[in-house]
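See below for the structure under consideration.
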Amino acid sequence: MSGFNKVVESYEEAMSGLEDGMTIIAGGFGLCGNPENLIKEIKKKGTKGLTIVSNNCGTTNHGLGILLHDKQVKKMVASYVGENEEFERQMMSGELEVELTPQGTLAEKMRAAGAGIPAFFTATGYGTPVAEGKETREINGRHYILEESIKGDFAIVKAWKADTYGNLVFRKTARNFNPMAATAGKITVVEVEEIVQPGELDPDHIHTPGIYVDRVIKGNFEKVIEQRTTRPSA
Amino acid sequence: MSGFNKVVESYEEAMSGLEDGMTIIAGGFGLCGNPENLIKEIKKKGTKGLTIVSNNCGTTNHGLGILLHDKQVKKMVASYVGENEEFERQMMSGELEVELTPQGTLAEKMRAAGAGIPAFFTATGYGTPVAEGKETREINGRHYILEESIKGDFAIVKAWKADTYGNLVFRKTARNFNPMAATAGKITVVEVEEIVQPGELDPDHIHTPGIYVDRVIKGNFEKVIEQRTTRPSA
Amino acid sequence: MALSREQLAQRVAQELQDGYYVNLGIGIPTLVANYVPKGIEVMLQSENGLLGMGQFPTDDEVDADLINAGKQTVTMATGASLFDSAESFAMIRGGHVDLTVLGAFEVDCQGNIASYMIPGKLIKGMGGAMDLVAGADNIIVTMTHASKHGESKLLAECTLPLTGKGCIKKVLTDLAFLEIKEGKFHLLERAPGVSVDEIVKLTAGELVVPDNVPEMTFS
Amino acid sequence: MALSREQLAQRVAQELQDGYYVNLGIGIPTLVANYVPKGIEVMLQSENGLLGMGQFPTDDEVDADLINAGKQTVTMATGASLFDSAESFAMIRGGHVDLTVLGAFEVDCQGNIASYMIPGKLIKGMGGAMDLVAGADNIIVTMTHASKHGESKLLAECTLPLTGKGCIKKVLTDLAFLEIKEGKFHLLERAPGVSVDEIVKLTAGELVVPDNVPEMTFS
């Protein structure tokens with residue numbers, strides 16, 4: 001690697017340095033825009049005792065869900081359990097530690113980590129189990145709780161296109177948590193559908209500047225659809 | 001106005017409702033990307049006792065600077081005084097109240113206001129005059145101060161293009177504070193170089209979704225350059 | 001007669017106003033989109049990063065990269081915009097969404113809502129619901145008035161873990177449309193053919209009943 | 001001989017490493033861009049919303065919408081990206097910039113820096129400087145060692161309002177390159193032809209002088 005070329009050639013290289021007990025921030029909303037091949041690489045590596053921060057944990061057989069089978073995950077920080085029975089089972093049985101976090105708070109925690117903000121106040125979760133043990137404060141007549149940012153040893157991200165400098169463009173709702181995740185990893189690894197040369201992406205329309213990105217790899221994606229819903233053709 | 005059509009035809013209409021003593025959040029970095037015609041309309045209206053939140057106050061004769069001449073501004077919240085002698089003079093003499101705010105903190109205060117975050121911790125300004133009277137806290141061995149969000153009665157914004165629904169696209173470094181300002185106004189007014197029909201802007205590349213925007217007007221722009229620096233042609 | 005799911009959606013749709021940005025939760029709220037009154041335009045926000053959600057795609061239009069918060073494939077309406085989750089919740093938490101419609105297990109007359117878990121039985125997670133109820137001024141909760149066993153879901157105090165505290169002001173059930181204020185439920189309308197007595201019987205929290213309770217009307 | 005402005009820039013440039021993202025302040029720091037060592041690529045961040053700042057434009061290229069933090073017209077380098085001020089300072093405050101170079105009025109041996117105002121005389125404002133010094137691990141302050149009147153600017157304690165507290169570890173003056181640690185200045189290098197005695201005389205804060213203080217070399 002030299003200069004700003006961040007392209008790596010193998011998934012092994014992409015995830016090198018990942019160790020037992022680390023924290024991983026993962027982009028994706030269910031199976032939409034999830035870094036599916038990076039997740040498969042983690043499964044293959046067999047890394048254990050992971051803390052995973054992601055909106056949900058994929059489905060039972062796809063996405064992050066595949067890391068639950070071999071008990072690679074010690075703790076999940078997520079907003080949603082639904083659509084993954086194994087997640088719910090391990091949570092109910094106490095095998096898996098779970099920190100249920102409101103979706104907006106989760107997105108903001110990742111952004112804050114990347115932006116040097118260690119904590120922020122939010123109304124979300126005030127007076128609910130989410131507020132337990134957290135500082136509360138009344139500001140201008142409204143109640144808020146203090147939430148802390150959340151940083152990962154690794155961030156795993158799925159983008160549509162990258163240039164070799166790691167500038168990223170996302171596509172449609174596959175963007176979701178990916179841009180924030182990209183800012184919150186000590187090492188940020190991105191898999192993309194297409195790698196282009198620097199200068200090919202419009203600078204005004206780069207969603208994630210390359211400064212946040214450490215490694216880029218081109219992958220092939222299955223893109224499983226969770227709820228295929230259609231209307232009849234006219 | 002009906003449905004989501006936010007286009008107004010006159011600057012008078014664009015700034016209607018502005019009253020003495022209100023707070024205005026303004027986009028722009030010096031004269032780059034500043035809502036110059038909206039500012040001229042405020043001068044024309046002669047509204048007084050304004051609090052203006054903006055990175056700087058234009059120059060002595062352009063941009064927000066023109067509101068200083070007739071003492072329309074009671075208070076400036078800004079990061080930078082340089083390049084505007086009248087600003088410095090009024091500040092030194094005490095005629096103008098000034099809250100000097102670090103540039104990144106200012107951007108974050110606007111974003112926080114739009115995002116429902118009343119306050120956040122930041123390392124910026126710890127141990128400096130900016131920290132005076134503010135709560136400090138040590139988190140993971142680093143010192144932070146608590147900064148509050150800042151909301152405006154009006155936000156005035158300059159974008160490159162808008163569709164009639166108020167979806168915005170900015171151009172190059174004229175983006176600067178504009179997207180955050182757009183989220184922080186009770187009434188957000190945007191002037192643009194071109195208005196297009198809904199559907200003409202690529203949804204993946206809209207910088208500010210129309211939900212933040214109340215009024216859109218097409219303007220003609222002088223675009224004064226503060227420091228024209230060039231290299232010889234090859 | 002208790003309202004059908006479709007009627008619930010229809011009644012909620014009467015609350016829509018021209019130019020509203022609306023977030024519709026999973027389930028009954030989603031159906032509201034089918035009953036937008038004539039002459040009115042609304043724009044649907046999907047918290048996974050889409051403003052201007054369109055109808056379901058045809059087979060040819062299906063795109064794995066374009067889903068709603070229920071993870072269903074969708075399309076975009078004209079003038080739609082796409083953004084990341086932080087921006088999406090900035091909109092929601094910053095109070096920019098005009099109307100939020102969502103379901104619940106229980107509400108109480110303090111405006112509390114419980115919707116995301118039943119300890120020991122069911123853990124779905126709150127998803128974006130805690131953000132939605134904390135961020136919006138204008139929320140309509142749609143739910144059945146009572147359980148299948150006739151237990152009221154409109155309580156003096158919620159028994160399940162809360163999704164939000166003191167944030168609900170309007171509840172539409174299959175039997176009634178109610179407002180919550182000053183620590184009480186206030187009966188505004190009743191479903192066609194449903195008696196005030198029945199509503200009183202199935203409302204566990206304190207209920208204020210005015211002299212005249214109009215029936216809902218559907219056009 | 002005291003270093004020229006160009007030599008200050010040259011010496012800072014020796015600290016650049018391949019792949020560094022760098023923020024250069026107004027004045028001398030800006031000149032660093034002219035001395036990037038051969039075989040090394042760096043990318044310049046301009047805090048008004050540009051990563052990958054290029055050279056000044058030709059007359060034909062001048063664009064009022066493309067300026068740097070000093071409000072000078074600039075161009076973009078290949079692979080540049082543009083963003084808003086919140087994103088720009090997220091980069092800075094989140095510690096993603098590898099090296100920050102900026103000027104100062106004073107620094108002291110506690111790592112404090114003063115650079116944005118002289119009470120009663122001059123108020124420029126801090127601009128992005130407070131964010132830059134609070135956000136970066138790797139900062140080089142460039143300044144003259146003493147005032148025209150021979151008053152040291154490397155103090156035991158800053159006298160002017162601070163821009164940042166305990167955040168400066170490296171200072172390059174026209175006379176010396178110094179490190180700040182454990183509450184002391186440590187002399188690392190001296191400008192060619194400048195004696196250790198002269199540096200000692202013009203350093204008001206406690207200064208540790210090793211047995212051997214090499215002269216800076218310029219290629």
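We label chains A, B, ... in the order they appear in the structure tokens, count residues from 1 in each chain, and number ligands from 1 in the order shown.
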Near Gly3 (chain A), counting only C-alpha atoms, which residues have an atom at most 8 Å away, once you skip same-chain residues fewer than 6 positions from it, shown as a VMD selection string? chain D and resid 18 to 19 40 to 42
Members of region 10-39 of chain D assigned strand (DSSP E) by DSSP, as a PyMOL selection string: chain D and resi 20-24
The selected residues should be written to file as a CSV table (one decimal), in the first residue's frame (atoms: C-alpha atoms).
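part_13.csv, freshly written:
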chain,number,residue,atom,x,y,z
D,20,TYR,CA,-1.0,11.7,5.7
D,21,TYR,CA,-4.2,13.8,5.8
D,22,VAL,CA,-3.0,17.3,6.8
D,23,ASN,CA,-4.6,20.5,7.9
D,24,LEU,CA,-2.4,23.6,7.3
Using only C-alpha atoms, find each residue in chain D having at least one atom no more than 8 Å away from chain A; report its shortest atom-to-atom pair and that distance in Å (one decimal), rows by chain then rising number, as CSV.
residue,atom,partner,partner_atom,distance
D:Asp18,CA,A:Gly3,CA,5.3
D:Gly19,CA,A:Gly3,CA,4.4
D:Tyr21,CA,A:Ile211,CA,7.2
D:Ile40,CA,A:Gly3,CA,6.7
D:Glu41,CA,A:Gly3,CA,5.2
D:Val42,CA,A:Gly3,CA,7.3
D:Leu51,CA,A:Pro209,CA,7.7
D:Thr78,CA,A:Gly199,CA,5.1
D:Gly79,CA,A:Pro198,CA,4.3
D:Ala80,CA,A:Pro203,CA,5.8
D:Ser81,CA,A:Pro203,CA,4.3
D:Leu82,CA,A:Asp204,CA,5.3
D:Phe83,CA,A:Asp204,CA,7.2
D:Glu87,CA,A:Ala115,CA,8.0
D:Phe89,CA,A:Ala115,CA,7.3
D:Ala90,CA,A:Ala115,CA,3.9
D:Met91,CA,A:Ala115,CA,6.3
D:Ile92,CA,A:Ala115,CA,7.7
D:Arg93,CA,A:Gly116,CA,5.0
D:Gly94,CA,A:Gly116,CA,3.8
D:Gly95,CA,A:Gly116,CA,7.0
D:His96,CA,A:Ile211,CA,6.7
D:Val97,CA,A:Ile211,CA,7.7
D:Gly135,CA,A:Gly116,CA,7.3
Near Ser46 (chain C), counting only C-alpha atoms, which residues have an atom at most 9 Å away, once you skip same-chain residues fewer than 3 positions from it, shown as JSON, numbers by chain? {"C": [22, 23, 24, 25, 49, 50, 51, 52, 53, 67, 68, 69, 70, 88]}
Which parts of region 38-110 of chain A does DSSP call alpha helix (DSSP H) when run on the backbone here, written out as JSON, numbers by chain? {"A": [38, 39, 40, 41, 42, 43, 44, 45, 66, 67, 68, 69, 85, 86, 87, 88, 89, 90, 91, 92, 93, 103, 104, 105, 106, 107, 108, 109, 110]}
Export of the given selection (C-alpha atoms) as an mmCIF file, in the first residue's frame:
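Written file, result.cif:
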data_model
loop_
_atom_site.group_PDB
_atom_site.id
_atom_site.type_symbol
_atom_site.label_atom_id
_atom_site.label_comp_id
_atom_site.auth_asym_id
_atom_site.auth_seq_id
_atom_site.Cartn_x
_atom_site.Cartn_y
_atom_site.Cartn_z
ATOM 1 C CA LEU A 38 -16.861 -9.339 5.555
ATOM 2 C CA ILE A 39 -19.278 -11.069 7.927
ATOM 3 C CA LYS A 40 -18.628 -14.408 6.208
ATOM 4 C CA GLU A 41 -14.897 -13.808 6.633
ATOM 5 C CA ILE A 42 -15.398 -13.259 10.374
ATOM 6 C CA LYS A 43 -17.321 -16.522 10.532
ATOM 7 C CA LYS A 44 -14.510 -18.263 8.654
ATOM 8 C CA LYS A 45 -11.865 -16.795 10.954
ATOM 9 C CA ILE A 66 -24.483 -16.374 10.940
ATOM 10 C CA LEU A 67 -22.094 -15.300 13.701
ATOM 11 C CA LEU A 68 -24.592 -16.384 16.344
ATOM 12 C CA HIS A 69 -24.538 -20.059 15.324
ATOM 13 C CA GLU A 85 -35.244 -16.300 16.131
ATOM 14 C CA GLU A 86 -31.796 -17.423 17.167
ATOM 15 C CA PHE A 87 -31.015 -13.896 18.360
ATOM 16 C CA GLU A 88 -34.206 -13.848 20.446
ATOM 17 C CA ARG A 89 -33.506 -17.353 21.804
ATOM 18 C CA GLN A 90 -29.924 -16.577 22.872
ATOM 19 C CA MET A 91 -31.088 -13.300 24.398
ATOM 20 C CA MET A 92 -33.943 -14.895 26.343
ATOM 21 C CA SER A 93 -31.705 -17.693 27.605
ATOM 22 C CA GLN A 103 -32.366 3.154 16.468
ATOM 23 C CA GLY A 104 -31.805 6.899 16.367
ATOM 24 C CA THR A 105 -29.666 6.823 19.501
ATOM 25 C CA LEU A 106 -27.610 4.033 17.954
ATOM 26 C CA ALA A 107 -27.014 6.008 14.759
ATOM 27 C CA GLU A 108 -26.104 9.073 16.787
ATOM 28 C CA LYS A 109 -23.755 7.103 19.071
ATOM 29 C CA MET A 110 -21.798 5.942 16.036
#
Residues within 8 Å of Ala14 (chain B), please, as a VMD selection string. Count only C-alpha atoms; anything in the same chain fewer than 2 positions from it doesn't count. chain B and resid 8 to 12 16 38 189 215 to 217
I need the chosen residues saved as a tab-separated table (two decimals), in the first residue's frame, with N, CA and C atoms.
chain	number	residue	atom	x	y	z
B	8	VAL	N	-41.51	30.69	-3.46
B	8	VAL	CA	-42.12	32.01	-3.32
B	8	VAL	C	-41.53	32.92	-4.40
B	9	GLU	N	-42.27	33.97	-4.72
B	9	GLU	CA	-41.90	34.77	-5.90
B	9	GLU	C	-41.17	36.06	-5.55
B	10	SER	N	-41.25	36.51	-4.31
B	10	SER	CA	-40.59	37.78	-3.97
B	10	SER	C	-39.77	37.62	-2.70
B	11	TYR	N	-38.74	38.46	-2.59
B	11	TYR	CA	-37.92	38.43	-1.38
B	11	TYR	C	-38.71	38.92	-0.18
B	12	GLU	N	-39.67	39.80	-0.44
B	12	GLU	CA	-40.53	40.26	0.64
B	12	GLU	C	-41.28	39.07	1.25
B	16	SER	N	-41.00	37.22	5.02
B	16	SER	CA	-42.15	37.70	5.79
B	16	SER	C	-42.23	36.98	7.13
B	38	LEU	N	-31.08	37.50	0.54
B	38	LEU	CA	-31.90	37.45	1.76
B	38	LEU	C	-31.36	38.46	2.77
B	189	VAL	N	-35.54	29.58	5.04
B	189	VAL	CA	-35.70	30.21	3.74
B	189	VAL	C	-34.43	29.97	2.93
B	215	ARG	N	-39.37	27.78	2.54
B	215	ARG	CA	-39.54	28.68	1.40
B	215	ARG	C	-38.32	28.62	0.50
B	216	VAL	N	-38.56	28.66	-0.79
B	216	VAL	CA	-37.48	28.64	-1.78
B	216	VAL	C	-37.68	29.79	-2.74
B	217	ILE	N	-36.60	30.51	-3.04
B	217	ILE	CA	-36.70	31.60	-4.02
B	217	ILE	C	-35.48	31.57	-4.94
Contact residues around Lys218 (chain B) with only C-alpha atoms at 7 Å, ignoring same-chain residues under 3 positions, as number ranges by chain: B: 191-195
Could you work out how far CA of Lys158 (chain A) lies from CA of Gln17 (chain D), giving the answer in Å with one decimal?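 Taking CA of Gln17 (chain D) as the start and CA of Lys158 (chain A) as the end point, the length is 28.7 Å.
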Which residue of C:Lys71, C:Met76, C:Met43, C:Val194 approaches Thr59 (chain A) most closely, using only C-alpha atoms: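 Among C:Lys71, C:Met76, C:Met43, C:Val194, it is C:Lys71 that comes nearest to Thr59 (chain A).
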Counting only C-alpha atoms, the residue of B:Thr136, B:Asn61, B:Ser149, B:Thr51 that sits nearest Val77 (chain B):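 Once distances to Val77 (chain B) are computed over only C-alpha atoms, the minimum belongs to B:Thr51.
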Quick one: pull the distance between CA of Ile139 (chain A) and CA of Ala134 (chain C), Å, one decimal. 14.4 Å
